[in-house]
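A.B. asks: Pasting coords-v4.cif below, which is mmCIF, C-alpha atoms and all ligand atoms.
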```cif
data_data
#
loop_
_atom_site.label_atom_id
_atom_site.label_comp_id
_atom_site.auth_asym_id
_atom_site.auth_seq_id
_atom_site.Cartn_x
_atom_site.Cartn_y
_atom_site.Cartn_z
CA MET A 1 99.20 93.97 113.99
CA LYS A 2 97.13 91.27 115.68
CA LYS A 3 93.67 90.67 114.32
CA ILE A 4 90.92 88.27 115.32
CA LEU A 5 88.38 86.80 112.88
CA VAL A 6 84.95 85.93 114.32
CA VAL A 7 82.96 83.47 112.18
CA ASP A 8 79.31 82.92 113.08
CA ASP A 9 76.09 82.93 111.07
CA SER A 10 74.34 84.92 113.81
CA SER A 11 74.98 88.66 113.82
CA THR A 12 73.81 88.68 117.44
CA MET A 13 76.48 86.17 118.43
CA ARG A 14 79.17 88.08 116.51
CA LYS A 15 78.23 91.19 118.52
CA ILE A 16 78.27 89.25 121.79
CA ILE A 17 81.71 87.83 120.97
CA ARG A 18 83.06 91.30 120.04
CA ARG A 19 81.83 92.64 123.37
CA THR A 20 83.29 89.66 125.22
CA LEU A 21 86.66 90.17 123.51
CA ARG A 22 86.76 93.73 124.86
CA GLN A 23 85.97 92.41 128.35
CA THR A 24 88.90 89.95 128.29
CA GLY A 25 91.49 92.75 128.39
CA LEU A 26 93.52 90.92 125.73
CA ALA A 27 95.62 93.08 123.40
CA PHE A 28 94.54 93.01 119.75
CA ASP A 29 94.21 95.61 117.00
CA ASP A 30 91.04 94.68 115.19
CA VAL A 31 88.17 92.22 115.00
CA LEU A 32 86.91 91.08 111.59
CA GLU A 33 83.73 89.12 110.93
CA ALA A 34 82.46 86.46 108.55
CA GLU A 35 79.06 84.74 108.32
CA ASN A 36 80.22 81.28 107.30
CA GLY A 37 83.29 79.24 106.37
CA ILE A 38 83.40 80.36 102.75
CA GLU A 39 83.38 84.03 103.72
CA ALA A 40 86.01 83.33 106.39
CA LEU A 41 88.38 81.82 103.83
CA SER A 42 88.15 84.88 101.64
CA VAL A 43 88.65 87.30 104.55
CA LEU A 44 91.69 85.29 105.68
CA ALA A 45 93.17 85.22 102.17
CA GLY A 46 93.13 89.02 102.13
CA ASP A 47 94.53 89.67 105.62
CA PRO A 48 97.75 88.08 106.86
CA ALA A 49 97.50 89.97 110.19
CA ILE A 50 94.77 87.59 111.42
CA ARG A 51 96.32 85.55 114.22
CA VAL A 52 93.34 83.61 115.42
CA VAL A 53 89.92 82.52 114.15
CA LEU A 54 86.97 82.06 116.52
CA SER A 55 84.52 79.88 114.65
CA ASP A 56 81.00 78.61 115.20
CA ILE A 57 80.35 75.05 113.97
CA ASN A 58 76.70 75.03 112.92
CA MET A 59 76.58 77.42 109.93
CA PRO A 60 75.09 77.29 106.43
CA GLU A 61 77.32 77.23 103.29
CA MET A 62 80.44 75.92 105.03
CA ASN A 63 80.36 74.79 108.65
CA GLY A 64 83.12 75.22 111.22
CA ILE A 65 84.46 71.68 110.93
CA GLU A 66 84.84 72.06 107.15
CA LEU A 67 86.48 75.44 107.74
CA VAL A 68 89.12 74.19 110.17
CA THR A 69 89.82 71.21 107.90
CA GLN A 70 90.37 73.56 104.96
CA LEU A 71 92.47 75.99 107.01
CA ARG A 72 94.87 73.27 108.12
CA THR A 73 95.77 72.58 104.48
CA GLN A 74 97.05 76.18 104.30
CA HIS A 75 98.16 77.28 107.79
CA ASP A 76 99.76 75.22 110.52
CA ALA A 77 98.47 75.39 114.06
CA THR A 78 101.26 77.65 115.33
CA ALA A 79 100.83 80.27 112.58
CA LEU A 80 97.05 80.55 112.82
CA GLY A 81 95.00 79.63 115.87
CA VAL A 82 91.52 78.21 115.37
CA VAL A 83 89.18 78.11 118.36
CA MET A 84 85.71 76.63 117.99
CA VAL A 85 82.98 78.62 119.81
CA THR A 86 79.84 76.55 119.63
CA THR A 87 76.74 75.21 121.34
CA GLU A 88 77.90 71.73 120.27
CA GLY A 89 79.34 70.52 123.56
CA GLY A 90 79.22 66.76 122.95
CA GLU A 91 82.45 64.76 123.33
CA ALA A 92 82.30 63.41 119.79
CA MET A 93 82.15 66.89 118.26
CA VAL A 94 85.01 68.18 120.44
CA LYS A 95 87.10 65.18 119.38
CA THR A 96 86.31 65.72 115.69
CA ALA A 97 87.22 69.42 115.87
CA MET A 98 90.52 68.78 117.64
CA GLU A 99 91.42 65.99 115.21
CA ARG A 100 90.77 68.31 112.27
CA GLY A 101 93.18 70.86 113.72
CA ALA A 102 91.35 73.16 116.12
CA ASN A 103 93.57 74.61 118.86
CA GLY A 104 90.78 75.11 121.36
CA TYR A 105 87.09 74.61 122.04
CA VAL A 106 84.71 76.89 123.93
CA THR A 107 81.04 76.01 124.42
CA LYS A 108 78.24 78.58 124.30
CA PRO A 109 77.01 80.02 126.56
CA PHE A 110 80.55 81.10 127.53
CA THR A 111 82.24 83.38 130.04
CA PRO A 112 84.84 86.06 129.17
CA ASP A 113 87.42 83.95 131.04
CA ALA A 114 86.77 80.94 128.81
CA ILE A 115 87.38 83.08 125.71
CA LYS A 116 90.45 84.68 127.27
CA ASP A 117 91.99 81.32 128.22
CA ALA A 118 91.48 79.98 124.70
CA LEU A 119 92.96 83.06 122.97
CA GLU A 120 95.85 84.15 125.18
CA VAL A 121 98.42 81.83 123.65
CA HIS A 122 97.67 83.05 120.12
CA LEU A 123 97.87 86.76 120.89
CA GLY A 124 101.05 86.68 122.99
CA MET B 1 72.38 57.42 112.61
CA VAL B 2 72.25 55.30 115.73
CA ASP B 3 73.59 51.81 115.25
CA THR B 4 71.95 50.20 118.24
CA PRO B 5 68.26 50.54 119.09
CA LEU B 6 67.51 52.82 121.99
CA SER B 7 66.77 51.19 125.30
CA PRO B 8 63.30 51.78 126.77
CA GLU B 9 65.00 54.01 129.33
CA ALA B 10 66.67 56.14 126.64
CA THR B 11 63.40 56.38 124.73
CA ARG B 12 61.64 57.58 127.84
CA GLN B 13 64.34 60.23 128.36
CA LEU B 14 63.66 61.61 124.87
CA ALA B 15 59.94 62.12 125.47
CA PRO B 16 58.85 65.78 125.77
CA GLU B 17 57.48 65.20 129.27
CA GLU B 18 61.00 64.24 130.38
CA LEU B 19 62.85 66.79 128.24
CA ILE B 20 60.87 69.80 129.46
CA ASP B 21 62.67 69.79 132.82
CA VAL B 22 66.06 69.76 131.07
CA LEU B 23 64.81 72.48 128.75
CA LYS B 24 63.88 74.67 131.72
CA ASP B 25 67.41 74.28 133.15
CA CYS B 26 68.87 75.17 129.76
CA VAL B 27 66.67 78.28 129.44
CA ARG B 28 67.82 79.44 132.85
CA GLU B 29 71.49 78.86 132.04
CA VAL B 30 71.29 80.69 128.71
CA PHE B 31 69.33 83.63 130.10
CA VAL B 32 71.60 84.07 133.10
CA SER B 33 74.77 84.04 131.01
CA MET B 34 73.77 85.59 127.67
CA LEU B 35 71.06 88.14 128.39
CA PHE B 36 72.67 91.17 129.81
CA SER B 37 70.55 94.18 130.42
CA PHE B 38 67.75 92.96 132.63
CA ASP B 39 67.71 90.87 135.73
CA ALA B 40 68.05 87.49 134.09
CA GLY B 41 67.02 85.71 137.28
CA ASP B 42 63.60 87.32 137.08
CA ALA B 43 63.45 87.02 133.34
CA CYS B 44 63.47 83.27 133.29
CA GLU B 45 61.10 82.67 136.15
CA PRO B 46 58.59 80.15 134.84
CA GLU B 47 54.95 81.19 135.04
CA GLY B 48 52.97 78.20 136.25
CA ASP B 49 53.70 74.63 135.25
CA ALA B 50 54.59 73.33 131.82
CA ILE B 51 51.57 72.27 129.81
CA ALA B 52 50.93 69.88 126.94
CA PRO B 53 49.32 72.15 124.38
CA ALA B 54 46.84 70.74 121.92
CA LEU B 55 47.63 71.39 118.30
CA PRO B 56 46.98 73.65 116.61
CA SER B 57 47.35 76.14 119.41
CA GLU B 58 49.31 79.25 120.05
CA PRO B 59 49.42 81.36 123.19
CA ALA B 60 47.36 84.45 122.43
CA GLY B 61 49.45 87.16 120.84
CA PHE B 62 52.63 85.10 120.59
CA ASP B 63 52.84 85.67 116.87
CA CYS B 64 56.61 85.45 116.58
CA GLY B 65 57.98 81.90 116.53
CA ILE B 66 61.47 80.53 115.95
CA GLU B 67 62.47 76.89 115.99
CA VAL B 68 65.65 74.83 115.97
CA GLU B 69 65.05 71.28 114.81
CA PHE B 70 67.00 68.32 116.10
CA SER B 71 67.26 64.97 114.36
CA GLY B 72 68.58 61.60 115.37
CA ALA B 73 67.01 58.64 117.12
CA VAL B 74 64.14 61.01 117.82
CA SER B 75 63.42 64.13 115.80
CA GLY B 76 61.79 67.25 117.07
CA ALA B 77 62.20 70.94 117.66
CA VAL B 78 62.86 73.50 120.35
CA VAL B 79 60.58 76.49 119.82
CA LEU B 80 60.47 80.00 121.24
CA ARG B 81 57.26 81.99 120.83
CA ALA B 82 56.80 85.58 121.83
CA GLY B 83 54.74 88.66 121.16
CA ARG B 84 56.46 91.72 119.72
CA GLN B 85 57.20 93.30 123.09
CA ALA B 86 58.88 90.23 124.59
CA ALA B 87 60.78 89.61 121.35
CA GLU B 88 62.15 93.15 121.51
CA GLU B 89 63.02 92.90 125.19
CA ILE B 90 65.00 89.71 124.65
CA THR B 91 66.76 91.21 121.62
CA ARG B 92 67.70 94.45 123.37
CA SER B 93 69.03 92.47 126.28
CA MET B 94 71.18 90.15 124.15
CA LEU B 95 72.55 93.08 122.16
CA MET B 96 72.81 95.39 125.21
CA MET B 97 70.99 98.11 123.31
CA GLU B 98 70.03 101.42 124.80
CA PRO B 99 66.27 102.06 125.07
CA ASP B 100 66.46 104.76 122.38
CA GLU B 101 68.39 102.64 119.87
CA VAL B 102 66.34 101.60 116.87
CA LEU B 103 65.68 97.90 116.54
CA GLU B 104 65.46 96.40 113.05
CA ASP B 105 63.25 93.39 112.35
CA GLU B 106 66.27 91.39 111.20
CA ASP B 107 67.97 92.04 114.57
CA VAL B 108 64.96 90.54 116.34
CA VAL B 109 64.84 87.45 114.13
CA ASP B 110 68.58 86.87 114.49
CA ALA B 111 68.65 87.41 118.27
CA LEU B 112 65.69 85.13 118.94
CA GLY B 113 67.18 82.54 116.58
CA GLU B 114 70.47 82.62 118.46
CA CYS B 115 68.62 82.44 121.77
CA VAL B 116 66.82 79.24 120.66
CA ASN B 117 70.07 77.93 119.18
CA LEU B 118 71.83 78.35 122.53
CA VAL B 119 69.01 76.65 124.41
CA ALA B 120 68.78 73.79 121.88
CA GLY B 121 72.57 73.34 121.86
CA THR B 122 72.69 73.16 125.64
CA LEU B 123 69.81 70.67 125.62
CA LYS B 124 71.57 68.58 122.97
CA THR B 125 74.75 68.42 125.03
CA ARG B 126 72.94 67.53 128.24
CA ALA B 127 70.14 65.27 127.15
CA LEU B 128 70.57 64.10 123.55
CA ASP B 129 74.31 63.51 122.96
CA PRO B 130 74.58 60.97 125.80
CA LEU B 131 71.89 58.86 124.06
CA GLY B 132 73.10 58.84 120.46
CA THR B 133 74.05 60.94 117.46
CA PHE B 134 71.90 64.02 116.99
CA GLN B 135 72.12 67.02 114.71
CA LEU B 136 70.79 70.55 115.06
CA ALA B 137 69.45 72.58 112.17
CA VAL B 138 70.01 76.31 111.89
CA PRO B 139 67.27 78.48 113.45
CA ALA B 140 64.19 79.03 111.31
CA SER B 141 61.17 81.31 111.64
CA LEU B 142 57.85 79.54 111.97
CA ASN B 143 55.36 80.39 109.33
CA PRO B 144 52.84 82.60 111.18
CA ALA B 145 50.04 80.83 109.29
CA SER B 146 51.07 77.50 110.72
CA VAL B 147 51.50 77.33 114.44
CA ASN B 148 53.08 73.88 114.34
CA PRO B 149 56.81 73.60 114.44
CA ALA B 150 57.79 72.76 110.86
CA LEU B 151 59.40 69.35 111.49
CA GLY B 152 59.49 68.92 107.74
CA ASP B 153 56.06 67.66 106.72
CA ARG B 154 55.89 65.17 109.54
CA GLU B 155 53.16 65.17 112.08
CA VAL B 156 53.94 66.43 115.51
CA ALA B 157 53.25 63.85 118.19
CA SER B 158 53.51 65.65 121.47
CA GLY B 159 55.03 68.65 123.08
CA ARG B 160 55.42 70.63 126.26
CA ARG B 161 55.24 74.38 126.68
CA GLN B 162 56.59 76.50 129.51
CA VAL B 163 55.57 80.15 129.71
CA TYR B 164 58.00 82.70 131.19
CA ARG B 165 57.12 86.11 132.51
CA LEU B 166 59.14 89.24 131.68
CA SER B 167 58.40 92.55 133.40
CA GLN B 168 55.45 93.52 131.17
CA CYS B 169 55.03 90.56 128.86
CA SER B 170 55.75 86.87 128.43
CA PHE B 171 57.22 84.34 126.05
CA SER B 172 57.18 80.56 125.84
CA MET B 173 59.70 77.81 125.24
CA GLU B 174 58.50 74.50 123.88
CA ILE B 175 59.86 71.11 123.02
CA TRP B 176 58.25 68.86 120.40
CA THR B 177 58.94 65.43 119.06
CA ASP B 178 57.50 64.10 115.83
CA ALA B 179 54.88 61.39 115.42
CA ALA B 180 57.15 59.00 113.53
CA SER B 181 59.71 58.83 116.31
CA ALA B 182 56.98 58.40 118.92
CA GLU B 183 55.52 55.44 117.00
CA GLU B 184 58.98 53.87 116.73
CA ALA B 185 59.28 54.34 120.46
MG MG A 201 75.43 78.93 114.13
#
```
Please, can you express the file's structure as structure tokens?

C.D. replies:
Amino acid sequence: MKKILVVDDSSTMRKIIRRTLRQTGLAFDDVLEAENGIEALSVLAGDPAIRVVLSDINMPEMNGIELVTQLRTQHDATALGVVMVTTEGGEAMVKTAMERGANGYVTKPFTPDAIKDALEVHLG
Amino acid sequence: MVDTPLSPEATRQLAPEELIDVLKDCVREVFVSMLFSFDAGDACEPEGDAIAPALPSEPAGFDCGIEVEFSGAVSGAVVLRAGRQAAEEITRSMLMMEPDEVLEDEDVVDALGECVNLVAGTLKTRALDPLGTFQLAVPASLNPASVNPALGDREVASGRRQVYRLSQCSFSMEIWTDAASAEEA
């Protein structure tokens, strides 16, 4: 089983990402959703089949940078992929995310190819 | 947040009259790539030139407003205003909904919020990040009773509004900066 967890505070963006995932042609079994970092941690704790997390950065409760920081205390980067999907395209934010343990970084608005390129390695 | 004072050139680049052109590029990019079910090229055709609206003012019938605030060397907000029909058209397009699918109010608020978030994020990357450290807030609905962008309790200094035409209706995108940052400038 290969599952993907989409973390974004916007239900619209979660739907857009779901649709984009179908367009990539990548093989996966299920897509799960969470509204913020806190919810993501609890979904992940209950489902070891999640291979990769696609996470927004700007979210209430727990943002994406806090989430990836927390995740890297529990999962190493080969066991669980974390790809940031965010409007925050500035160099400083990309650097921070990668330093905290993100595997990839996609800026919104994105193309299906950008999502595919970032996920392929984690779903192989 | 910014250690060194902004140069006069950087300050000029953060004024709404400069930012509106970047904002228009950002609107086009977001609409072309993220709105799916109508001809996005037509959808983001500006109607006339950008204007500097006096406050308080609101385009007639644009009773739905969503803002994303930015803060840093200059604080302000990116605002989308629309009437119900345009709000629904944008939402249906983002969600690729069929015409007969029922649209909930919360879908509209979330879709417009994400639309403004995408535009503000693109603007931040292009125009704000190169000049200093800026942060974006999460999207917020404007109180219909107050047509000003919230901007906390601060006074709004100046803004620019661009109206866009959809097939049967229109919406506007605006950029505002607050009075405090204008005085500092
Ligand atoms: Mg967000």

A.B. asks: What does the distance from atom CA of B:Leu35 to atom CA of B:Cys115 come to in Å, to one decimal?

C.D. replies: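 These two atoms are separated by 9.1 Å.
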
A.B. asks: For atom CA of A:Glu66 and atom CA of A:Arg100, quote the distance in Å rounded to one decimal.

C.D. replies: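 So the two atoms, atom CA of A:Glu66 and atom CA of A:Arg100, lie 8.7 Å apart.
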
A.B. asks: Could you name the residues that touch stretch 64-66 of chain B at 6 Å or less, counting all atoms listed in the file, but leaving out those on the same chain fewer than 3 positions away, as a PDB file with C-alpha atoms, keeping the file's coordinate frame?

C.D. replies:
```pdb
ATOM      1  CA  VAL B  79      60.580  76.490 119.820  1.00  0.00           C
ATOM      2  CA  LEU B  80      60.470  80.000 121.240  1.00  0.00           C
ATOM      3  CA  ARG B  81      57.260  81.990 120.830  1.00  0.00           C
ATOM      4  CA  ALA B  82      56.800  85.580 121.830  1.00  0.00           C
ATOM      5  CA  GLY B  83      54.740  88.660 121.160  1.00  0.00           C
ATOM      6  CA  ALA B 140      64.190  79.030 111.310  1.00  0.00           C
ATOM      7  CA  SER B 141      61.170  81.310 111.640  1.00  0.00           C
ATOM      8  CA  LEU B 142      57.850  79.540 111.970  1.00  0.00           C
TER       9      LEU B 142
END
```

A.B. asks: Select, as an mmCIF file with C-alpha atoms, in the coordinates of the input, those residues of chain A with any atom no more than 12 Å from chain B (distances computed using all atoms listed in the file).

C.D. replies:
```cif
data_model
loop_
_atom_site.group_PDB
_atom_site.id
_atom_site.type_symbol
_atom_site.label_atom_id
_atom_site.label_comp_id
_atom_site.auth_asym_id
_atom_site.auth_seq_id
_atom_site.Cartn_x
_atom_site.Cartn_y
_atom_site.Cartn_z
ATOM 1 C CA ASP A 8 79.310 82.920 113.080
ATOM 2 C CA ASP A 9 76.090 82.930 111.070
ATOM 3 C CA SER A 10 74.340 84.920 113.810
ATOM 4 C CA SER A 11 74.980 88.660 113.820
ATOM 5 C CA THR A 12 73.810 88.680 117.440
ATOM 6 C CA MET A 13 76.480 86.170 118.430
ATOM 7 C CA ARG A 14 79.170 88.080 116.510
ATOM 8 C CA LYS A 15 78.230 91.190 118.520
ATOM 9 C CA ILE A 16 78.270 89.250 121.790
ATOM 10 C CA ILE A 17 81.710 87.830 120.970
ATOM 11 C CA ARG A 18 83.060 91.300 120.040
ATOM 12 C CA ARG A 19 81.830 92.640 123.370
ATOM 13 C CA THR A 20 83.290 89.660 125.220
ATOM 14 C CA ASP A 56 81.000 78.610 115.200
ATOM 15 C CA ILE A 57 80.350 75.050 113.970
ATOM 16 C CA ASN A 58 76.700 75.030 112.920
ATOM 17 C CA MET A 59 76.580 77.420 109.930
ATOM 18 C CA PRO A 60 75.090 77.290 106.430
ATOM 19 C CA GLU A 61 77.320 77.230 103.290
ATOM 20 C CA ASN A 63 80.360 74.790 108.650
ATOM 21 C CA VAL A 85 82.980 78.620 119.810
ATOM 22 C CA THR A 86 79.840 76.550 119.630
ATOM 23 C CA THR A 87 76.740 75.210 121.340
ATOM 24 C CA GLU A 88 77.900 71.730 120.270
ATOM 25 C CA GLY A 89 79.340 70.520 123.560
ATOM 26 C CA GLY A 90 79.220 66.760 122.950
ATOM 27 C CA GLU A 91 82.450 64.760 123.330
ATOM 28 C CA ALA A 92 82.300 63.410 119.790
ATOM 29 C CA MET A 93 82.150 66.890 118.260
ATOM 30 C CA VAL A 94 85.010 68.180 120.440
ATOM 31 C CA THR A 107 81.040 76.010 124.420
ATOM 32 C CA LYS A 108 78.240 78.580 124.300
ATOM 33 C CA PRO A 109 77.010 80.020 126.560
ATOM 34 C CA PHE A 110 80.550 81.100 127.530
ATOM 35 C CA THR A 111 82.240 83.380 130.040
ATOM 36 C CA PRO A 112 84.840 86.060 129.170
#
```

A.B. asks: Please compute the atom CA of B:Pro46-atom CA of B:Leu131 distance, one decimal, in Å.

C.D. replies: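 These two atoms are separated by 27.3 Å.
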
A.B. asks: If you count all atoms listed in the file, which residues fall within 8 Å of A:Arg51, apart from same-chain ones fewer than 4 positions away, as a list of chain:residue names?

C.D. replies: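 Here the answer would be A:Lys2, A:Lys3, A:Ile4, A:Ala79, A:Leu80, A:Gly81, A:His122, A:Leu123.
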
A.B. asks: Around all the atoms of stretch 105-122 of chain B listed in the file, with 4 Å of room on each side, what axis-aligned box do you get, giving centre and edge lengths in Å to one decimal, as JSON?

C.D. replies:
```
{"center_x": 68.0, "center_y": 83.3, "center_z": 118.4, "size_x": 17.4, "size_y": 28.2, "size_z": 22.4}
```

A.B. asks: Calculated over only C-alpha atoms, which of the candidates B:Val116, B:Ile90, B:Asp63, B:Asp25 has the smallest distance to B:Arg165?

C.D. replies: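 Of B:Val116, B:Ile90, B:Asp63, B:Asp25, the one nearest B:Arg165, counting only C-alpha atoms, is B:Ile90.
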
A.B. asks: Could you rebuild stretch 38-52 of chain A with N, CA and C atoms and give it back as an mmCIF file, in the coordinates of the input?

C.D. replies:
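The resulting file, out22.cif, is reproduced below:
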```
data_model
loop_
_atom_site.group_PDB
_atom_site.id
_atom_site.type_symbol
_atom_site.label_atom_id
_atom_site.label_comp_id
_atom_site.auth_asym_id
_atom_site.auth_seq_id
_atom_site.Cartn_x
_atom_site.Cartn_y
_atom_site.Cartn_z
ATOM 1 N N ILE A 38 82.970 79.861 104.061
ATOM 2 C CA ILE A 38 83.400 80.360 102.750
ATOM 3 C C ILE A 38 83.868 81.815 102.858
ATOM 4 N N GLU A 39 83.034 82.615 103.547
ATOM 5 C CA GLU A 39 83.380 84.030 103.720
ATOM 6 C C GLU A 39 84.670 84.153 104.538
ATOM 7 N N ALA A 40 84.815 83.291 105.545
ATOM 8 C CA ALA A 40 86.010 83.330 106.390
ATOM 9 C C ALA A 40 87.268 83.081 105.563
ATOM 10 N N LEU A 41 87.201 82.125 104.659
ATOM 11 C CA LEU A 41 88.380 81.820 103.830
ATOM 12 C C LEU A 41 88.774 83.029 102.996
ATOM 13 N N SER A 42 87.787 83.743 102.486
ATOM 14 C CA SER A 42 88.150 84.880 101.640
ATOM 15 C C SER A 42 88.670 86.053 102.479
ATOM 16 N N VAL A 43 88.116 86.246 103.681
ATOM 17 C CA VAL A 43 88.650 87.300 104.550
ATOM 18 C C VAL A 43 90.088 86.973 104.938
ATOM 19 N N LEU A 44 90.337 85.715 105.275
ATOM 20 C CA LEU A 44 91.690 85.290 105.680
ATOM 21 C C LEU A 44 92.695 85.443 104.536
ATOM 22 N N ALA A 45 92.266 85.140 103.328
ATOM 23 C CA ALA A 45 93.170 85.220 102.170
ATOM 24 C C ALA A 45 93.639 86.659 101.970
ATOM 25 N N GLY A 46 92.791 87.617 102.353
ATOM 26 C CA GLY A 46 93.130 89.020 102.130
ATOM 27 C C GLY A 46 93.790 89.690 103.318
ATOM 28 N N ASP A 47 94.000 88.992 104.430
ATOM 29 C CA ASP A 47 94.530 89.670 105.620
ATOM 30 C C ASP A 47 95.474 88.799 106.441
ATOM 31 N N PRO A 48 96.772 88.909 106.162
ATOM 32 C CA PRO A 48 97.750 88.080 106.860
ATOM 33 C C PRO A 48 97.939 88.452 108.340
ATOM 34 N N ALA A 49 97.337 89.570 108.785
ATOM 35 C CA ALA A 49 97.500 89.970 110.190
ATOM 36 C C ALA A 49 96.565 89.191 111.120
ATOM 37 N N ILE A 50 95.671 88.370 110.560
ATOM 38 C CA ILE A 50 94.770 87.590 111.420
ATOM 39 C C ILE A 50 95.572 86.486 112.112
ATOM 40 N N ARG A 51 95.557 86.517 113.434
ATOM 41 C CA ARG A 51 96.320 85.550 114.220
ATOM 42 C C ARG A 51 95.489 84.368 114.670
ATOM 43 N N VAL A 52 94.194 84.654 114.872
ATOM 44 C CA VAL A 52 93.340 83.610 115.420
ATOM 45 C C VAL A 52 91.911 83.736 114.890
#
```
